[in-house]
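*Asks:* This structure is in structure tokens; I'll ask about it shortly.
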Amino acid sequence: MTHLTVRSVKIWLGFLDRAAQEAMRDAVADVVTQAPYFRPVTPRGKPMSVRMSAAGAFGWITDARGYRYEPAHPDGQPWPAIPPEILNVWRAVSDCDRAPECCLINSYAGTARMGLHQDKDEADFGCPVVSISLGDDGLFRIGNTTRGGKTESIWLSSGDVAVLGGDARLAYHGIDRIRPGSSTLLPEGGRINLTLRVVT
Ligand code: MD3
Ligand code: FE
């Protein structure tokens with residue numbers, strides 16, 4: 001299995017074959033039937049272009065009170081369990097003894113993007129974040145652990161798995177854009193990114 005290393009992010013290219021991507025797509029569809037996508041509104045009142053949901057003990061929420069992990073969907077229901085095929089990816093690549101407590105689901109359509117940010121609402125930075133890409137290609141950008149300076153960009157494709165650990169764990173990163181129509185995996189097109197995290 002081939003991998004690239006970009007700024008200590010290890011990217012497994014084509015980690016999931018087509019059948020595994022289809023199984024994961026269907027598992028995510030089942031989760032979002034129970035926990036429907038919503039569009040988070042930042043504390044400054046701006047709706048994000050990405051739709052989100054989650055599985056596991058915690059999901060990530062943003063509203064007027066700020067950003068935080070919550071044990072329930074905005075509708076009040078607990079998040080569905082993380083599907084076993086997704087947990088298997090964590091076991092294979094995370095090199096972490098702890099189980100993931102959150103599988104964040106980001107859905108990108110059309111011109112959706114995610115600005116440069118750090119993921120630092122988790123308690124244990126010793127555990128990596130594991131990212132699984134499904135559907136259309138997404139242009140991933142990674143910078144430094146402080147704002148500013150040079151960044152590097154790489155297209156992530158359906159079935160790629162990235163492990164964000166070590167020096168990469170607190171790096172600024174984001175998705176500049178997707179390439180609509182580049183994959184046939186998702187019936188409505190677009191890109192889904194799953195991130196597995198230990199939260200507590
Ligand atoms: C680098 N998601 O959910 S995944 C996020 O494709 C997020 O939806 C993007 O950034 C997406 O927070 C990028 C790759 C990723 C995820 C977490 C990271 C890169 C990371 C945490 C630390 C450093
Ligand atoms: Fe992030």
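Lettering and numbering for the structure tokens are positional, with chains as A, B, ... in the shown order, residues counted from 1 in each chain, and ligands counted from 1 in the shown order.
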Can you write out as a tab-separated table which residues of chain A fall within 6 Å of ligand 1, alongside each residue's closest atom pair and its distance in Å to one decimal, counting only C-alpha atoms and all ligand atoms and ordering rows by chain and ascending residue number?
*Replies:*
```
residue	atom	partner	partner_atom_place_in_ligand_line	distance
A:Asn106	CA	ligand 1	8 (O)	5.3
A:Asp119	CA	ligand 1	21 (C)	5.2
A:Val129	CA	ligand 1	17 (C)	5.4
A:Ser131	CA	ligand 1	4 (S)	5.1
A:Leu164	CA	ligand 1	1 (C)	5.2
A:Ala168	CA	ligand 1	23 (C)	5.2
A:Arg169	CA	ligand 1	22 (C)	4.2
A:Leu170	CA	ligand 1	22 (C)	5.2
A:Ala171	CA	ligand 1	23 (C)	4.9
A:His173	CA	ligand 1	1 (C)	5.5
A:Gly174	CA	ligand 1	10 (O)	5.3
A:Ile175	CA	ligand 1	6 (O)	5.8
A:Asn193	CA	ligand 1	8 (O)	4.7
A:Thr195	CA	ligand 1	3 (O)	5.9
```
*Asks:* Given the selection you just returned, output its residues as a file containing N, CA and C atoms, formatted as a PDB file, in the first residue's frame.
*Replies:*
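Once everything was written out, this is again29.pdb:
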```pdb
ATOM      1  N   ASN A 106     -18.372  15.468   7.453  1.00  0.00           N
ATOM      2  CA  ASN A 106     -18.457  16.748   6.741  1.00  0.00           C
ATOM      3  C   ASN A 106     -18.902  16.465   5.316  1.00  0.00           C
ATOM      4  N   ASP A 119      -7.525  22.026  14.936  1.00  0.00           N
ATOM      5  CA  ASP A 119      -8.434  21.195  15.733  1.00  0.00           C
ATOM      6  C   ASP A 119      -7.812  21.079  17.109  1.00  0.00           C
ATOM      7  N   VAL A 129      -5.779  12.391  14.552  1.00  0.00           N
ATOM      8  CA  VAL A 129      -7.073  12.444  13.886  1.00  0.00           C
ATOM      9  C   VAL A 129      -6.905  11.628  12.614  1.00  0.00           C
ATOM     10  N   SER A 131      -8.565  10.791   8.929  1.00  0.00           N
ATOM     11  CA  SER A 131      -9.511  11.344   7.950  1.00  0.00           C
ATOM     12  C   SER A 131      -9.725  10.363   6.803  1.00  0.00           C
ATOM     13  N   LEU A 164      -3.338  12.265  10.891  1.00  0.00           N
ATOM     14  CA  LEU A 164      -2.841  13.554  11.335  1.00  0.00           C
ATOM     15  C   LEU A 164      -2.363  13.405  12.767  1.00  0.00           C
ATOM     16  N   ALA A 168       1.868  17.159  12.916  1.00  0.00           N
ATOM     17  CA  ALA A 168       0.733  17.618  12.098  1.00  0.00           C
ATOM     18  C   ALA A 168      -0.508  17.861  12.939  1.00  0.00           C
ATOM     19  N   ARG A 169      -0.537  17.301  14.136  1.00  0.00           N
ATOM     20  CA  ARG A 169      -1.791  17.290  14.912  1.00  0.00           C
ATOM     21  C   ARG A 169      -2.333  18.686  15.157  1.00  0.00           C
ATOM     22  N   LEU A 170      -1.447  19.649  15.363  1.00  0.00           N
ATOM     23  CA  LEU A 170      -1.907  21.014  15.660  1.00  0.00           C
ATOM     24  C   LEU A 170      -1.634  21.989  14.520  1.00  0.00           C
ATOM     25  N   ALA A 171      -1.433  21.439  13.326  1.00  0.00           N
ATOM     26  CA  ALA A 171      -1.195  22.302  12.160  1.00  0.00           C
ATOM     27  C   ALA A 171      -2.506  22.912  11.662  1.00  0.00           C
ATOM     28  N   HIS A 173      -5.087  23.791   8.867  1.00  0.00           N
ATOM     29  CA  HIS A 173      -5.433  23.028   7.676  1.00  0.00           C
ATOM     30  C   HIS A 173      -6.846  23.398   7.240  1.00  0.00           C
ATOM     31  N   GLY A 174      -7.181  23.064   6.006  1.00  0.00           N
ATOM     32  CA  GLY A 174      -8.526  23.338   5.504  1.00  0.00           C
ATOM     33  C   GLY A 174      -8.711  22.703   4.137  1.00  0.00           C
ATOM     34  N   ILE A 175      -9.907  22.887   3.596  1.00  0.00           N
ATOM     35  CA  ILE A 175     -10.245  22.397   2.252  1.00  0.00           C
ATOM     36  C   ILE A 175     -10.607  23.620   1.413  1.00  0.00           C
ATOM     37  N   ASN A 193     -16.204  13.840   4.045  1.00  0.00           N
ATOM     38  CA  ASN A 193     -14.998  13.535   4.804  1.00  0.00           C
ATOM     39  C   ASN A 193     -15.396  13.077   6.193  1.00  0.00           C
ATOM     40  N   THR A 195     -13.889  12.260   9.944  1.00  0.00           N
ATOM     41  CA  THR A 195     -12.710  12.369  10.817  1.00  0.00           C
ATOM     42  C   THR A 195     -12.998  11.660  12.120  1.00  0.00           C
TER      43      THR A 195
END
```
*Asks:* Excluding range 16-23 of chain A and residues on its chain fewer than 3 positions from it, collect all residues at most 7 Å away from it, counting only C-alpha atoms, and give them as a list in words.
*Replies:* Asp26, Ala27, Leu134, Gly159, Asp160 and Leu185 of chain A
*Asks:* Output N, CA and C atoms of each residue in that selection to a file, as a CSV table (one decimal), in the first residue's frame.
*Replies:*
```
chain,number,residue,atom,x,y,z
A,26,ASP,N,-22.7,3.7,2.3
A,26,ASP,CA,-24.0,3.2,2.8
A,26,ASP,C,-24.1,3.3,4.3
A,27,ALA,N,-23.0,3.0,5.0
A,27,ALA,CA,-23.0,3.2,6.5
A,27,ALA,C,-23.2,4.6,6.9
A,134,LEU,N,-14.4,10.4,0.8
A,134,LEU,CA,-15.3,9.7,-0.1
A,134,LEU,C,-15.9,10.7,-1.1
A,159,GLY,N,-11.5,7.3,-1.1
A,159,GLY,CA,-10.7,6.1,-0.6
A,159,GLY,C,-9.4,6.4,0.1
A,160,ASP,N,-9.0,7.7,0.0
A,160,ASP,CA,-7.7,8.0,0.6
A,160,ASP,C,-8.0,8.2,2.2
A,185,LEU,N,-19.0,8.0,-6.8
A,185,LEU,CA,-19.4,7.2,-5.6
A,185,LEU,C,-20.7,7.7,-5.0
```
*Asks:* Between A:Gln118, A:Ser49, A:Ser94, A:Ser107, which has the minimum distance to Leu194 in chain A (counting only C-alpha atoms)?
*Replies:* A:Ser107
*Asks:* Which residues, written as a VMD selection string, have at least one atom at most 8 Å from Tyr67 in chain A, with only C-alpha atoms counted and residues fewer than 5 positions away on the same chain left out?
*Replies:* chain A and resid 42 to 43 60 to 62
*Asks:* Could you turn the residues from that selection into a file that holds C-alpha atoms, as a PDB file, in the first residue's frame?
*Replies:*
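Printed below is out-v6.pdb as written:
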```
ATOM      1  CA  THR A  42     -20.391  30.093  13.602  1.00  0.00           C
ATOM      2  CA  PRO A  43     -20.405  32.148  16.812  1.00  0.00           C
ATOM      3  CA  TRP A  60     -18.937  18.729  17.189  1.00  0.00           C
ATOM      4  CA  ILE A  61     -21.322  21.675  17.377  1.00  0.00           C
ATOM      5  CA  THR A  62     -21.038  25.385  16.787  1.00  0.00           C
TER       6      THR A  62
END
```
*Asks:* Write out as an mmCIF file with all heavy atoms, in the first residue's frame which residues come within 8 Å of range 135-137 of chain A when counting only C-alpha atoms, dropping same-chain ones fewer than 4 positions away.
*Replies:*
```
data_model
loop_
_atom_site.group_PDB
_atom_site.id
_atom_site.type_symbol
_atom_site.label_atom_id
_atom_site.label_comp_id
_atom_site.auth_asym_id
_atom_site.auth_seq_id
_atom_site.Cartn_x
_atom_site.Cartn_y
_atom_site.Cartn_z
ATOM 1 N N TRP A 155 -4.423 17.157 -3.430
ATOM 2 C CA TRP A 155 -5.785 16.676 -3.693
ATOM 3 C C TRP A 155 -5.995 15.347 -2.968
ATOM 4 O O TRP A 155 -5.183 14.434 -3.119
ATOM 5 C CB TRP A 155 -6.007 16.480 -5.190
ATOM 6 C CG TRP A 155 -6.199 17.762 -5.928
ATOM 7 C CD1 TRP A 155 -5.253 18.467 -6.612
ATOM 8 C CD2 TRP A 155 -7.420 18.505 -6.048
ATOM 9 N NE1 TRP A 155 -5.821 19.601 -7.140
ATOM 10 C CE2 TRP A 155 -7.140 19.649 -6.823
ATOM 11 C CE3 TRP A 155 -8.723 18.312 -5.569
ATOM 12 C CZ2 TRP A 155 -8.117 20.606 -7.140
ATOM 13 C CZ3 TRP A 155 -9.690 19.265 -5.881
ATOM 14 C CH2 TRP A 155 -9.387 20.395 -6.657
ATOM 15 N N LEU A 156 -7.068 15.262 -2.206
ATOM 16 C CA LEU A 156 -7.462 14.000 -1.568
ATOM 17 C C LEU A 156 -8.585 13.384 -2.398
ATOM 18 O O LEU A 156 -9.542 14.083 -2.760
ATOM 19 C CB LEU A 156 -7.955 14.244 -0.139
ATOM 20 C CG LEU A 156 -6.915 14.769 0.848
ATOM 21 C CD1 LEU A 156 -7.574 15.059 2.194
ATOM 22 C CD2 LEU A 156 -5.781 13.765 1.023
ATOM 23 N N SER A 157 -8.467 12.097 -2.685
ATOM 24 C CA SER A 157 -9.447 11.416 -3.532
ATOM 25 C C SER A 157 -10.214 10.373 -2.747
ATOM 26 O O SER A 157 -9.785 9.953 -1.662
ATOM 27 C CB SER A 157 -8.738 10.735 -4.700
ATOM 28 O OG SER A 157 -8.097 11.698 -5.501
ATOM 29 N N SER A 158 -11.303 9.914 -3.325
ATOM 30 C CA SER A 158 -12.162 8.934 -2.682
ATOM 31 C C SER A 158 -11.365 7.680 -2.313
ATOM 32 O O SER A 158 -10.645 7.130 -3.158
ATOM 33 C CB SER A 158 -13.306 8.562 -3.630
ATOM 34 O OG SER A 158 -14.345 7.919 -2.918
ATOM 35 N N ILE A 178 -13.679 21.641 -3.752
ATOM 36 C CA ILE A 178 -13.790 20.277 -4.269
ATOM 37 C C ILE A 178 -13.791 20.352 -5.798
ATOM 38 O O ILE A 178 -13.906 21.432 -6.382
ATOM 39 C CB ILE A 178 -15.034 19.539 -3.736
ATOM 40 C CG1 ILE A 178 -16.328 20.136 -4.283
ATOM 41 C CG2 ILE A 178 -15.056 19.534 -2.206
ATOM 42 C CD1 ILE A 178 -17.550 19.241 -4.079
ATOM 43 N N ARG A 179 -13.637 19.164 -6.421
ATOM 44 C CA ARG A 179 -13.690 19.085 -7.883
ATOM 45 C C ARG A 179 -14.980 18.359 -8.230
ATOM 46 O O ARG A 179 -15.019 17.119 -8.250
ATOM 47 C CB ARG A 179 -12.457 18.306 -8.346
ATOM 48 C CG ARG A 179 -12.101 18.489 -9.779
ATOM 49 C CD ARG A 179 -10.601 18.476 -10.083
ATOM 50 N NE ARG A 179 -9.862 17.341 -9.556
ATOM 51 C CZ ARG A 179 -8.528 17.264 -9.533
ATOM 52 N NH1 ARG A 179 -7.785 18.256 -9.992
ATOM 53 N NH2 ARG A 179 -7.925 16.206 -9.046
ATOM 54 N N PRO A 180 -16.089 19.132 -8.453
ATOM 55 C CA PRO A 180 -17.391 18.493 -8.683
ATOM 56 C C PRO A 180 -17.341 17.554 -9.895
ATOM 57 O O PRO A 180 -16.675 17.843 -10.885
ATOM 58 C CB PRO A 180 -18.331 19.671 -8.951
ATOM 59 C CG PRO A 180 -17.669 20.846 -8.296
ATOM 60 C CD PRO A 180 -16.193 20.607 -8.475
ATOM 61 N N GLY A 181 -17.992 16.424 -9.766
ATOM 62 C CA GLY A 181 -18.068 15.487 -10.889
ATOM 63 C C GLY A 181 -16.861 14.582 -11.038
ATOM 64 O O GLY A 181 -16.770 13.833 -12.005
ATOM 65 N N SER A 182 -15.926 14.621 -10.074
ATOM 66 C CA SER A 182 -14.707 13.813 -10.234
ATOM 67 C C SER A 182 -14.874 12.384 -9.732
ATOM 68 O O SER A 182 -13.987 11.561 -9.928
ATOM 69 C CB SER A 182 -13.529 14.500 -9.531
ATOM 70 O OG SER A 182 -13.846 14.842 -8.203
ATOM 71 N N SER A 183 -15.985 12.077 -9.080
ATOM 72 C CA SER A 183 -16.211 10.708 -8.580
ATOM 73 C C SER A 183 -17.653 10.307 -8.835
ATOM 74 O O SER A 183 -18.549 11.155 -8.842
ATOM 75 C CB SER A 183 -15.923 10.655 -7.078
ATOM 76 O OG SER A 183 -16.497 9.487 -6.491
ATOM 77 N N THR A 184 -17.869 9.018 -9.012
ATOM 78 C CA THR A 184 -19.233 8.498 -9.201
ATOM 79 C C THR A 184 -19.760 7.833 -7.932
ATOM 80 O O THR A 184 -20.824 7.219 -7.956
ATOM 81 C CB THR A 184 -19.255 7.448 -10.341
ATOM 82 O OG1 THR A 184 -18.309 6.409 -10.024
ATOM 83 C CG2 THR A 184 -18.883 8.081 -11.675
ATOM 84 N N LEU A 185 -19.030 7.963 -6.811
ATOM 85 C CA LEU A 185 -19.417 7.196 -5.614
ATOM 86 C C LEU A 185 -20.738 7.667 -5.002
ATOM 87 O O LEU A 185 -21.560 6.845 -4.601
ATOM 88 C CB LEU A 185 -18.303 7.278 -4.546
ATOM 89 C CG LEU A 185 -18.584 6.451 -3.290
ATOM 90 C CD1 LEU A 185 -18.498 4.958 -3.599
ATOM 91 C CD2 LEU A 185 -17.624 6.816 -2.158
ATOM 92 N N LEU A 186 -20.906 8.990 -4.915
ATOM 93 C CA LEU A 186 -22.065 9.519 -4.194
ATOM 94 C C LEU A 186 -23.173 9.844 -5.187
ATOM 95 O O LEU A 186 -22.938 10.566 -6.163
ATOM 96 C CB LEU A 186 -21.672 10.767 -3.389
ATOM 97 C CG LEU A 186 -20.524 10.552 -2.396
ATOM 98 C CD1 LEU A 186 -20.154 11.873 -1.704
ATOM 99 C CD2 LEU A 186 -20.898 9.493 -1.359
ATOM 100 N N GLY A 189 -23.442 13.388 -5.876
ATOM 101 C CA GLY A 189 -22.160 14.067 -6.081
ATOM 102 C C GLY A 189 -21.653 14.684 -4.798
ATOM 103 O O GLY A 189 -22.202 14.475 -3.714
ATOM 104 N N GLY A 190 -20.587 15.454 -4.902
ATOM 105 C CA GLY A 190 -20.011 16.105 -3.733
ATOM 106 C C GLY A 190 -18.993 15.222 -3.021
ATOM 107 O O GLY A 190 -18.605 14.160 -3.525
ATOM 108 N N ARG A 191 -18.564 15.682 -1.867
ATOM 109 C CA ARG A 191 -17.506 15.001 -1.110
ATOM 110 C C ARG A 191 -17.938 14.840 0.340
ATOM 111 O O ARG A 191 -18.518 15.764 0.917
ATOM 112 C CB ARG A 191 -16.216 15.825 -1.163
ATOM 113 C CG ARG A 191 -15.112 15.330 -0.263
ATOM 114 C CD ARG A 191 -13.810 16.107 -0.481
ATOM 115 N NE ARG A 191 -12.732 15.524 0.305
ATOM 116 C CZ ARG A 191 -12.380 15.948 1.518
ATOM 117 N NH1 ARG A 191 -12.990 16.988 2.071
ATOM 118 N NH2 ARG A 191 -11.415 15.351 2.178
ATOM 119 N N ILE A 192 -17.653 13.675 0.889
ATOM 120 C CA ILE A 192 -17.855 13.435 2.321
ATOM 121 C C ILE A 192 -16.498 13.173 2.936
ATOM 122 O O ILE A 192 -15.697 12.390 2.403
ATOM 123 C CB ILE A 192 -18.799 12.239 2.568
ATOM 124 C CG1 ILE A 192 -20.228 12.585 2.124
ATOM 125 C CG2 ILE A 192 -18.783 11.824 4.034
ATOM 126 C CD1 ILE A 192 -21.187 11.398 2.181
#
```
*Asks:* Using only C-alpha atoms and all ligand atoms for the distances, tell me which of A:Gly126, A:Asp95, A:Lys120, A:Met1 is nearest to ligand 2.
*Replies:*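 Among the listed residues, the smallest separation from ligand 2 belongs to A:Lys120.
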*Asks:* Please determine, counting only C-alpha atoms and all ligand atoms, which residue among A:Leu116, A:Lys150, A:Tyr108, A:Asp176 has the shortest atom-to-atom distance to ligand 2.
*Replies:*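 Checking each candidate against ligand 2, we get A:Leu116 as the closest.
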*Asks:* Which is closest to Met114 in chain A among A:Cys127, A:Pro36, A:Trp79, A:Met52, if we use only C-alpha atoms?
*Replies:*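 Of all the options, A:Met52 lies closest to Met114 in chain A.
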*Asks:* Taking the DSSP assignment computed from this structure's backbone, write out as a list in words all residues of range 27-82 of chain A that belong to alpha helix (DSSP H).
*Replies:*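 Of range 27-82 of chain A, the ones in alpha helix (DSSP H) are Ala27, Val28, Ala29, Asp30, Val31, Val32, Thr33 and Gln34 of chain A.
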*Asks:* Between A:Ala29, A:Ile142, A:Lys46, A:Met24, which has the minimum distance to ligand 2 (counting only C-alpha atoms and all ligand atoms)?
*Replies:*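 For ligand 2, the nearest of the given residues is A:Ile142.
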*Asks:* Rank A:Ile132, A:Val93, A:Ala54, A:Val163 by their smallest atom-to-atom distance to Pro78 in chain A, using only C-alpha atoms, and report the top residue only.
*Replies:*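 Checking each candidate against Pro78 in chain A, we get A:Ala54 as the closest.
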*Asks:* Using only C-alpha atoms, which residues sit within 9 Å of Val198 in chain A once same-chain residues fewer than 6 positions away are excluded, as a list in words?
*Replies:*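 Answer for this query is Arg98, Ala99, Pro100, Glu101, Cys102, Glu122, Ala123, Asp124, Phe125, Cys127, Pro128 and Val129 of chain A.
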*Asks:* Mind giving me the straight-line distance from CA of Val41 in chain A to CA of Pro74 in chain A in Å, one decimal?
*Replies:* 11.9 Å
*Asks:* Can you tell me how far CA of Asp63 in chain A sits from CA of Thr151 in chain A, in Å to one decimal?
*Replies:* 28.9 Å
*Asks:* Might you pull out every residue within 7 Å of Leu13 in chain A, with only C-alpha atoms counted and same-chain residues fewer than 4 positions away left off, and present them as a PyMOL selection string?
*Replies:* chain A and resi 2-3+160-161
